[in-house]
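Participant: run.txt is reproduced below (compact mmCIF, C-alpha atoms).
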# COMPACT_ATOMS: atom_id res chain seq x y z
CA MET A 1 78.77 86.26 42.56
CA THR A 2 76.15 83.57 42.96
CA ALA A 3 75.25 81.78 46.14
CA PRO A 4 76.84 78.35 46.63
CA GLU A 5 74.66 75.27 46.47
CA LEU A 6 73.04 74.36 49.73
CA ALA A 7 73.08 70.59 49.88
CA VAL A 8 75.79 70.68 52.52
CA ASP A 9 73.42 72.49 54.88
CA ARG A 10 70.47 70.16 54.60
CA PRO A 11 69.99 67.28 56.98
CA ALA A 12 69.54 63.76 55.77
CA ARG A 13 65.93 63.90 56.83
CA ALA A 14 63.62 66.71 57.92
CA PRO A 15 60.88 65.39 60.20
CA ARG A 16 57.51 67.10 60.08
CA ALA A 17 58.53 69.11 56.99
CA LEU A 18 55.46 69.30 54.75
CA LEU A 19 56.45 72.45 52.86
CA THR A 20 58.82 71.90 49.96
CA PRO A 21 61.96 74.10 49.87
CA GLN A 22 60.38 76.12 47.05
CA ARG A 23 57.19 76.77 49.02
CA ALA A 24 59.21 77.42 52.16
CA PHE A 25 61.15 80.10 50.27
CA TRP A 26 57.97 82.01 49.46
CA PHE A 27 56.54 81.46 52.92
CA VAL A 28 59.65 82.81 54.66
CA GLY A 29 59.59 85.84 52.36
CA ALA A 30 55.95 86.44 53.29
CA LEU A 31 56.83 86.03 56.97
CA LEU A 32 59.60 88.61 56.64
CA ALA A 33 57.11 91.00 55.03
CA LEU A 34 54.70 90.36 57.90
CA PHE A 35 57.32 91.21 60.53
CA LEU A 36 58.14 94.43 58.67
CA MET A 37 54.43 95.23 58.31
CA ALA A 38 54.18 95.07 62.07
CA SER A 39 57.26 97.28 62.44
CA THR A 40 55.72 100.24 60.56
CA ALA A 41 52.11 99.79 61.67
CA PRO A 42 52.55 102.22 64.62
CA SER A 43 53.82 105.06 62.38
CA PRO A 44 50.38 106.55 61.53
CA MET A 45 49.35 106.24 65.20
CA TYR A 46 52.16 108.39 66.59
CA ALA A 47 50.14 111.60 66.09
CA ILE A 48 47.29 110.09 68.15
CA TYR A 49 49.69 108.97 70.85
CA GLN A 50 51.19 112.47 70.99
CA GLN A 51 47.77 114.07 71.40
CA ARG A 52 46.64 111.51 73.94
CA TRP A 53 49.74 111.46 76.14
CA HIS A 54 51.23 114.90 75.33
CA PHE A 55 54.82 113.98 74.53
CA SER A 56 57.39 115.76 72.31
CA ALA A 57 59.04 114.84 69.03
CA THR A 58 62.04 113.73 71.06
CA VAL A 59 59.95 111.15 72.93
CA LEU A 60 58.39 110.06 69.63
CA THR A 61 61.77 109.23 68.12
CA GLU A 62 62.84 107.61 71.40
CA VAL A 63 59.87 105.24 71.08
CA PHE A 64 61.12 104.40 67.59
CA GLY A 65 64.59 104.05 69.09
CA ALA A 66 63.28 101.55 71.67
CA TYR A 67 62.22 99.29 68.80
CA MET A 68 65.64 99.63 67.17
CA ILE A 69 67.47 98.96 70.44
CA GLY A 70 65.42 95.78 70.88
CA ILE A 71 66.43 94.66 67.40
CA LEU A 72 70.09 95.38 68.03
CA VAL A 73 70.08 93.53 71.37
CA ALA A 74 68.50 90.50 69.72
CA LEU A 75 70.84 90.57 66.73
CA VAL A 76 73.92 90.72 68.95
CA LEU A 77 72.72 87.98 71.32
CA PHE A 78 70.72 85.71 69.02
CA GLY A 79 71.31 86.83 65.43
CA ALA A 80 73.48 83.80 64.59
CA LEU A 81 71.68 81.34 66.89
CA SER A 82 69.76 79.70 64.04
CA ASP A 83 73.06 78.67 62.42
CA ARG A 84 73.51 76.29 65.40
CA VAL A 85 70.08 75.27 66.70
CA GLY A 86 68.13 75.54 63.44
CA ARG A 87 65.85 78.08 61.77
CA ARG A 88 62.56 76.65 63.05
CA PRO A 89 63.13 76.96 66.83
CA VAL A 90 64.30 80.56 66.52
CA LEU A 91 61.35 81.51 64.31
CA LEU A 92 58.82 79.87 66.62
CA GLY A 93 60.16 81.73 69.65
CA SER A 94 60.26 85.00 67.74
CA LEU A 95 56.66 84.61 66.60
CA ALA A 96 55.48 84.01 70.16
CA LEU A 97 57.26 87.13 71.43
CA GLU A 98 55.97 89.20 68.52
CA ILE A 99 52.39 88.28 69.42
CA VAL A 100 52.99 89.33 73.03
CA SER A 101 54.47 92.66 71.92
CA LEU A 102 51.51 93.43 69.65
CA LEU A 103 49.08 92.77 72.48
CA VAL A 104 51.06 95.14 74.72
CA LEU A 105 50.90 97.82 72.02
CA ALA A 106 47.21 97.27 71.37
CA PHE A 107 46.24 97.83 75.00
CA ALA A 108 48.98 100.26 76.10
CA PRO A 109 47.54 102.62 78.76
CA ASP A 110 50.41 105.14 78.61
CA VAL A 111 53.65 105.96 76.83
CA GLY A 112 55.68 103.68 79.13
CA TRP A 113 53.81 100.65 77.84
CA LEU A 114 54.39 101.94 74.31
CA PHE A 115 58.15 101.85 74.99
CA LEU A 116 57.84 98.31 76.36
CA GLY A 117 55.78 97.04 73.44
CA ARG A 118 58.13 98.50 70.85
CA PHE A 119 61.19 97.12 72.66
CA LEU A 120 59.70 93.60 72.82
CA GLN A 121 58.70 93.89 69.17
CA GLY A 122 62.27 94.85 68.31
CA VAL A 123 63.66 91.83 70.18
CA ALA A 124 61.25 89.52 68.33
CA THR A 125 62.06 91.04 64.94
CA GLY A 126 65.81 91.02 65.56
CA ALA A 127 65.82 87.39 66.67
CA ALA A 128 63.81 86.41 63.59
CA THR A 129 65.81 88.49 61.12
CA GLY A 130 68.91 86.30 60.99
CA ALA A 131 66.82 83.13 60.75
CA MET A 132 64.59 84.51 57.99
CA SER A 133 67.46 85.98 55.95
CA GLY A 134 69.43 82.75 56.34
CA SER A 135 66.38 80.70 55.31
CA LEU A 136 65.89 82.74 52.14
CA LEU A 137 69.49 81.98 51.18
CA ASP A 138 69.04 78.31 52.17
CA PHE A 139 65.90 77.79 50.10
CA GLN A 140 66.73 79.91 47.04
CA PRO A 141 67.28 78.00 43.77
CA PRO A 142 70.95 76.93 43.52
CA GLY A 143 73.11 79.27 41.48
CA THR A 144 70.87 82.31 41.93
CA SER A 145 70.82 85.42 44.13
CA ARG A 146 67.04 85.31 44.48
CA GLY A 147 67.26 85.15 48.27
CA ALA A 148 69.04 88.51 48.56
CA THR A 149 66.62 90.11 46.08
CA PHE A 150 63.52 88.77 47.78
CA ASN A 151 64.87 89.84 51.16
CA GLY A 152 64.83 93.47 50.07
CA VAL A 153 61.54 93.27 48.18
CA ALA A 154 59.73 91.60 51.08
CA ALA A 155 61.10 94.17 53.53
CA GLY A 156 60.07 97.11 51.35
CA LEU A 157 56.59 95.77 50.59
CA GLY A 158 56.06 94.82 54.21
CA MET A 159 56.91 98.28 55.51
CA ALA A 160 54.80 99.94 52.82
CA VAL A 161 51.72 97.76 53.37
CA GLY A 162 52.01 97.97 57.15
CA SER A 163 52.12 101.74 57.24
CA GLY A 164 49.55 102.24 54.47
CA VAL A 165 46.96 99.81 55.80
CA ALA A 166 47.45 101.01 59.36
CA GLY A 167 46.96 104.59 58.15
CA MET A 168 43.64 103.67 56.51
CA LEU A 169 42.47 101.76 59.58
CA VAL A 170 43.42 104.64 61.88
CA GLN A 171 41.62 107.14 59.64
CA PHE A 172 38.44 105.24 58.80
CA ALA A 173 38.00 102.21 61.09
CA PRO A 174 36.96 101.99 64.75
CA ALA A 175 39.49 101.43 67.55
CA PRO A 176 42.28 103.33 65.70
CA THR A 177 45.08 102.28 68.05
CA GLU A 178 43.96 98.68 68.55
CA LEU A 179 42.54 97.18 65.36
CA ALA A 180 45.72 97.06 63.26
CA TYR A 181 47.63 95.31 66.05
CA LEU A 182 44.90 92.74 66.61
CA LEU A 183 44.73 91.90 62.90
CA LEU A 184 48.49 91.37 62.92
CA VAL A 185 48.15 89.05 65.94
CA VAL A 186 45.77 86.89 63.92
CA ALA A 187 48.22 86.78 61.00
CA PHE A 188 51.10 85.71 63.24
CA LEU A 189 48.95 83.01 64.85
CA VAL A 190 48.28 81.61 61.37
CA ALA A 191 52.03 81.65 60.63
CA LEU A 192 52.97 79.58 63.71
CA PRO A 193 51.90 76.14 62.38
CA LEU A 194 53.41 76.90 58.96
CA VAL A 195 56.82 77.51 60.56
CA TRP A 196 56.46 74.13 62.28
CA LEU A 197 55.84 72.50 58.88
CA MET A 198 58.74 74.08 56.98
CA PRO A 199 61.94 72.10 56.28
CA GLU A 200 64.88 72.58 58.63
CA PRO A 201 67.84 73.52 56.42
CA VAL A 202 70.40 73.59 59.24
CA ARG A 203 72.01 70.31 60.24
CA THR A 204 71.75 70.10 64.02
CA GLY A 205 73.00 67.51 66.48
CA PRO A 206 72.66 66.87 70.21
CA ILE A 207 73.68 70.22 71.70
CA ALA A 208 73.49 70.97 75.41
CA LEU A 209 70.90 73.61 76.26
CA ARG A 210 73.45 75.91 77.90
CA LYS A 211 75.70 75.75 74.84
CA ALA A 212 72.81 76.21 72.43
CA LEU A 213 71.57 79.35 74.17
CA ARG A 214 75.01 80.91 74.58
CA PRO A 215 75.05 84.24 72.70
CA GLN A 216 76.25 83.74 69.14
CA ARG A 217 78.19 86.66 67.77
CA PRO A 218 77.21 88.04 64.39
CA GLY A 219 80.17 88.39 62.09
CA VAL A 220 81.65 88.10 58.63
CA PRO A 221 83.95 85.48 57.13
CA ALA A 222 87.61 85.73 58.10
CA GLY A 223 89.59 88.07 55.90
CA ARG A 224 86.54 89.94 54.56
CA GLY A 225 86.27 92.61 57.27
CA LYS A 226 87.59 95.50 55.16
CA ALA A 227 85.37 94.62 52.24
CA PHE A 228 82.37 94.37 54.56
CA ALA A 229 83.11 97.75 56.17
CA LEU A 230 83.35 99.47 52.79
CA LEU A 231 80.21 97.88 51.36
CA ALA A 232 78.30 98.53 54.59
CA THR A 233 78.16 102.22 53.67
CA THR A 234 75.27 101.23 51.40
CA MET A 235 73.27 100.13 54.45
CA LEU A 236 74.33 103.27 56.32
CA SER A 237 72.97 105.44 53.53
CA ALA A 238 69.73 103.53 52.92
CA TRP A 239 68.72 103.05 56.54
CA THR A 240 69.59 106.54 57.71
CA ILE A 241 66.90 107.63 55.28
CA GLY A 242 64.58 104.80 56.28
CA GLY A 243 64.85 105.74 59.95
CA MET A 244 63.85 109.32 59.28
CA PHE A 245 60.84 108.46 57.15
CA MET A 246 59.58 105.80 59.59
CA SER A 247 59.88 108.08 62.62
CA LEU A 248 59.31 111.70 61.57
CA GLY A 249 58.16 111.26 57.96
CA PRO A 250 54.46 111.10 58.93
CA SER A 251 54.81 114.32 60.97
CA VAL A 252 56.42 116.12 58.03
CA ALA A 253 53.66 114.95 55.68
CA LYS A 254 50.95 115.93 58.17
CA SER A 255 52.37 119.45 58.43
CA LEU A 256 51.95 119.92 54.66
CA VAL A 257 48.40 118.58 54.21
CA ASP A 258 45.01 119.54 55.65
CA GLY A 259 42.51 116.76 56.37
CA THR A 260 42.99 112.96 56.64
CA PRO A 261 46.31 113.49 58.47
CA TYR A 262 46.65 109.91 59.71
CA LEU A 263 46.13 108.47 56.25
CA ILE A 264 48.62 110.92 54.74
CA GLY A 265 51.11 110.16 57.50
CA GLY A 266 50.97 106.46 56.68
CA PHE A 267 51.55 107.11 53.00
CA ALA A 268 54.73 109.07 53.73
CA VAL A 269 56.32 105.71 54.55
CA VAL A 270 54.61 104.01 51.60
CA ALA A 271 56.08 106.56 49.19
CA VAL A 272 59.58 105.43 50.13
CA THR A 273 59.32 101.73 50.93
CA GLY A 274 56.59 100.84 48.43
CA VAL A 275 58.32 102.55 45.52
CA GLY A 276 61.58 101.03 46.77
CA ALA A 277 60.13 97.53 46.55
CA ILE A 278 58.92 98.17 42.99
CA ALA A 279 62.37 99.48 42.06
CA GLN A 280 63.96 96.30 43.42
CA LEU A 281 61.62 94.11 41.42
CA SER A 282 62.28 96.10 38.26
CA ALA A 283 66.05 95.86 38.73
CA SER A 284 66.17 92.33 40.16
CA GLY A 285 68.58 91.18 37.45
CA TRP A 286 71.11 93.93 38.13
CA LEU A 287 74.46 93.33 39.76
CA GLY A 288 74.87 94.84 43.21
CA GLN A 289 77.38 97.46 42.04
CA ARG A 290 75.09 98.71 39.30
CA ALA A 291 72.15 98.99 41.70
CA VAL A 292 74.19 101.11 44.13
CA ARG A 293 75.62 103.30 41.38
CA VAL A 294 72.12 104.12 40.10
CA GLY A 295 70.50 104.25 43.54
CA ALA A 296 72.89 106.77 45.11
CA PRO A 297 72.18 109.61 42.62
CA ALA A 298 68.45 108.90 42.91
CA LEU A 299 68.68 109.25 46.69
CA ILE A 300 70.50 112.57 46.41
CA ILE A 301 68.05 113.99 43.85
CA GLY A 302 65.07 112.86 45.92
CA LEU A 303 66.49 114.37 49.12
CA VAL A 304 67.02 117.71 47.37
CA ALA A 305 63.39 117.60 46.23
CA VAL A 306 62.16 116.75 49.76
CA ALA A 307 64.18 119.62 51.23
CA GLY A 308 62.74 122.00 48.64
CA ALA A 309 59.23 120.77 49.36
CA VAL A 310 59.59 121.43 53.08
CA LEU A 311 60.87 124.95 52.40
CA SER A 312 58.04 125.72 49.96
CA GLY A 313 55.32 123.89 51.90
CA SER A 314 54.37 121.78 48.88
CA ALA A 315 52.83 118.40 49.65
CA VAL A 316 52.95 117.37 45.99
CA ALA A 317 56.69 118.07 45.79
CA PHE A 318 57.23 116.24 49.09
CA PHE A 319 55.58 113.04 47.90
CA ALA A 320 57.22 113.28 44.47
CA GLY A 321 60.61 113.69 46.11
CA SER A 322 59.83 110.85 48.53
CA ALA A 323 59.05 108.57 45.58
CA VAL A 324 62.43 109.38 44.01
CA VAL A 325 64.04 108.73 47.39
CA GLY A 326 62.18 105.41 47.37
CA VAL A 327 63.78 104.41 44.07
CA GLY A 328 67.20 105.16 45.48
CA TRP A 329 66.44 103.49 48.82
CA GLY A 330 65.26 100.30 47.15
CA LEU A 331 68.22 100.03 44.78
CA MET A 332 70.72 100.90 47.52
CA PHE A 333 69.22 98.35 49.92
CA MET A 334 69.08 95.60 47.28
CA GLY A 335 72.53 96.30 45.87
CA GLY A 336 74.16 96.60 49.27
CA PHE A 337 72.51 93.48 50.65
CA ARG A 338 73.49 91.51 47.55
CA LEU A 339 77.12 92.63 47.74
CA LEU A 340 77.35 91.95 51.46
CA THR A 341 75.70 88.51 51.46
CA ALA A 342 78.06 87.46 48.67
CA LEU A 343 80.80 87.59 51.31
CA ALA A 344 79.10 84.83 53.34
CA ASP A 345 79.60 81.08 53.07
CA PRO A 346 76.89 78.45 53.78
CA ARG A 347 77.98 77.97 57.40
CA ASN A 348 77.64 81.58 58.56
CA ARG A 349 74.72 82.95 56.59
CA ALA A 350 72.64 83.98 59.61
CA ALA A 351 75.71 85.49 61.29
CA THR A 352 76.52 87.61 58.23
CA ALA A 353 72.88 88.63 57.67
CA SER A 354 72.66 89.64 61.33
CA MET A 355 75.76 91.82 61.02
CA ILE A 356 74.26 93.49 57.95
CA TYR A 357 71.11 94.32 59.88
CA ILE A 358 73.09 95.55 62.89
CA VAL A 359 74.66 98.14 60.59
CA ALA A 360 71.27 98.92 59.05
CA TYR A 361 69.38 99.39 62.30
CA LEU A 362 72.18 101.37 63.95
CA SER A 363 72.06 103.60 60.88
CA ALA A 364 68.33 104.07 61.38
CA THR A 365 68.41 104.53 65.16
CA VAL A 366 71.13 107.06 65.87
CA PRO A 367 70.17 109.64 63.20
CA SER A 368 66.42 109.36 63.85
CA VAL A 369 66.75 109.89 67.62
CA SER A 370 69.20 112.75 67.02
CA LEU A 371 66.73 114.20 64.54
CA GLY A 372 63.98 114.08 67.15
CA VAL A 373 66.10 116.01 69.63
CA LEU A 374 67.01 118.56 66.95
CA THR A 375 63.36 118.93 65.98
CA THR A 376 62.38 119.74 69.56
CA TYR A 377 64.87 122.63 69.71
CA ALA A 378 65.25 123.80 66.11
CA GLY A 379 61.92 122.92 64.51
CA LEU A 380 60.81 120.44 61.87
CA ILE A 381 61.96 122.41 58.83
CA THR A 382 65.52 122.99 60.02
CA SER A 383 65.85 119.39 61.16
CA THR A 384 64.65 118.04 57.83
CA LEU A 385 67.15 120.18 55.92
CA VAL A 386 70.05 119.10 58.14
CA PHE A 387 69.00 115.48 57.81
CA ALA A 388 68.73 115.69 54.02
CA ALA A 389 72.25 117.09 53.74
CA ILE A 390 73.77 114.37 55.96
CA ALA A 391 71.90 111.55 54.21
CA ALA A 392 72.99 112.86 50.80
CA LEU A 393 76.61 112.81 51.99
CA PHE A 394 76.26 109.16 53.07
CA ALA A 395 74.80 108.28 49.66
CA ALA A 396 77.76 109.91 47.92
CA ILE A 397 80.21 107.92 50.07
CA ALA A 398 78.39 104.67 49.26
CA TRP A 399 78.49 105.50 45.54
CA ALA A 400 82.23 106.20 45.67
CA GLY A 401 82.79 102.94 47.59
CA THR A 402 81.66 100.85 44.61
CA TYR A 403 84.66 102.10 42.62
CA VAL A 404 87.18 100.94 45.22
CA ARG A 405 88.60 97.44 44.87
CA HIS A 406 87.88 95.10 47.75
Any chance you could give the structure as structure tokens?

Facilitator:
Amino acid sequence: MTAPELAVDRPARAPRALLTPQRAFWFVGALLALFLMASTAPSPMYAIYQQRWHFSATVLTEVFGAYMIGILVALVLFGALSDRVGRRPVLLGSLALEIVSLLVLAFAPDVGWLFLGRFLQGVATGAATGAMSGSLLDFQPPGTSRGATFNGVAAGLGMAVGSGVAGMLVQFAPAPTELAYLLLVVAFLVALPLVWLMPEPVRTGPIALRKALRPQRPGVPAGRGKAFALLATTMLSAWTIGGMFMSLGPSVAKSLVDGTPYLIGGFAVVAVTGVGAIAQLSASGWLGQRAVRVGAPALIIGLVAVAGAVLSGSAVAFFAGSAVVGVGWGLMFMGGFRLLTALADPRNRAATASMIYIVAYLSATVPSVSLGVLTTYAGLITSTLVFAAIAALFAAIAWAGTYVRH
């Protein structure tokens, strides 16, 4: 199913808009990648934070959970706000809050400030997510699904670059827990005027401030709830895996490799999200169903390889398995997002995208925090094996769901 043409969404005139819709499409994709870069930048630093402030794996995953809770709060309260007040105002506010959160993280004196910084970062990312996803659908060429494809590619590349570059900076550069955040602050400051110059694709009128700021519920078009619930198993599968690799993946990789642990920890995330982005680009012309049907077996095979690597203590097998997981993660994310956004109409794109991400981030938060608790009591190896089995089951359910009519 292709996206409907977007002329009905565009205002008669767009003051201050100096970016063409085509350039705005690429800019918003880059901005999404930047937000996701910032989201995974702390991953290689968690080992340093643990040594510095002496907290357990449970606390580590709770810090990750604070970010996810911030995202969920923002998605529920503001995820559909840009459908009413416009994309630009929501993005400008989100950028400002993101900068504040990065400064809090850069100069955090203890783990409490780390919780605060990650929560604020989650709120900023969640508020921006609906606006960015909606903008990609607004600005995509009419009659294409390029917005859904680029959404997944930008997210995967952003997470991969953020974790990989942060890992290199932590390993080789000075100020290991400050420099990456400060560089990201500079990038977001550069993005602020570009958001101001992009077209406003949402037709807005004189809305009272109280009405404009009233929480806008994410949702799906009437009559498509059952279809959405079935297809959302793709997000459940993909982001359960993503949550594990972004929270405990670096610790697993570090336990298998001697030397350069921070760099290796960062590349545990790269192995999944980077390969996932490449898989999405390679399969960009596939229908959503085909992507899920190929991605699910890849996820299961990769998870079996990761479990075997943890049992045998093989770093090579771990990264090889993670790369296969990455192929499955990328295809599952792309296919699921494409199938789910096809349910939306032009007037509720941000609302539908926000609901998709609520499912995704809940799928990442609950298992990853549970995994942290399990790791504290049962150990890293047992926890990884339990996780791999549960994630493989979710992938099988998502695969079966593509054969059910909806």

Participant: Using all atoms listed in the file, can you tell me which of A:Met355, A:Gly117, A:Ser82, A:Met334 comes closest to Ala229 of chain A?

Facilitator: A:Met355

Participant: Just checking: using all atoms listed in the file, which residue out of A:Ser251, A:Ser354, A:Thr144, A:Ser133 ends up closest to Ile381 of chain A?

Facilitator: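 So, comparing all the options, the nearest one is A:Ser251.
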
Participant: Using only C-alpha atoms, determine which residues lie at most 8 Å from Pro21 of chain A, disregarding the query and same-chain residues fewer than 4 positions distant; provide the list as a list in words.

Facilitator: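 Once the adjacent positions are removed, what remains is Phe25, Phe139, Met198 and Pro199 of chain A.
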
Participant: Please provide as a list in words all residues within 6 Å of segment 368-370 of chain A, with the sequence filter that same-chain residues fewer than 4 positions apart are discarded (counting only C-alpha atoms).

Facilitator: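 My list of contacting residues is Thr61, Glu62, Gly243 and Met244 of chain A.
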
Participant: From the list A:Val294, A:Gly65, A:Ala155, A:Thr234, which residue is nearest Thr273 of chain A when using only C-alpha atoms?

Facilitator: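 Checking each candidate against Thr273 of chain A, we get A:Ala155 as the closest.
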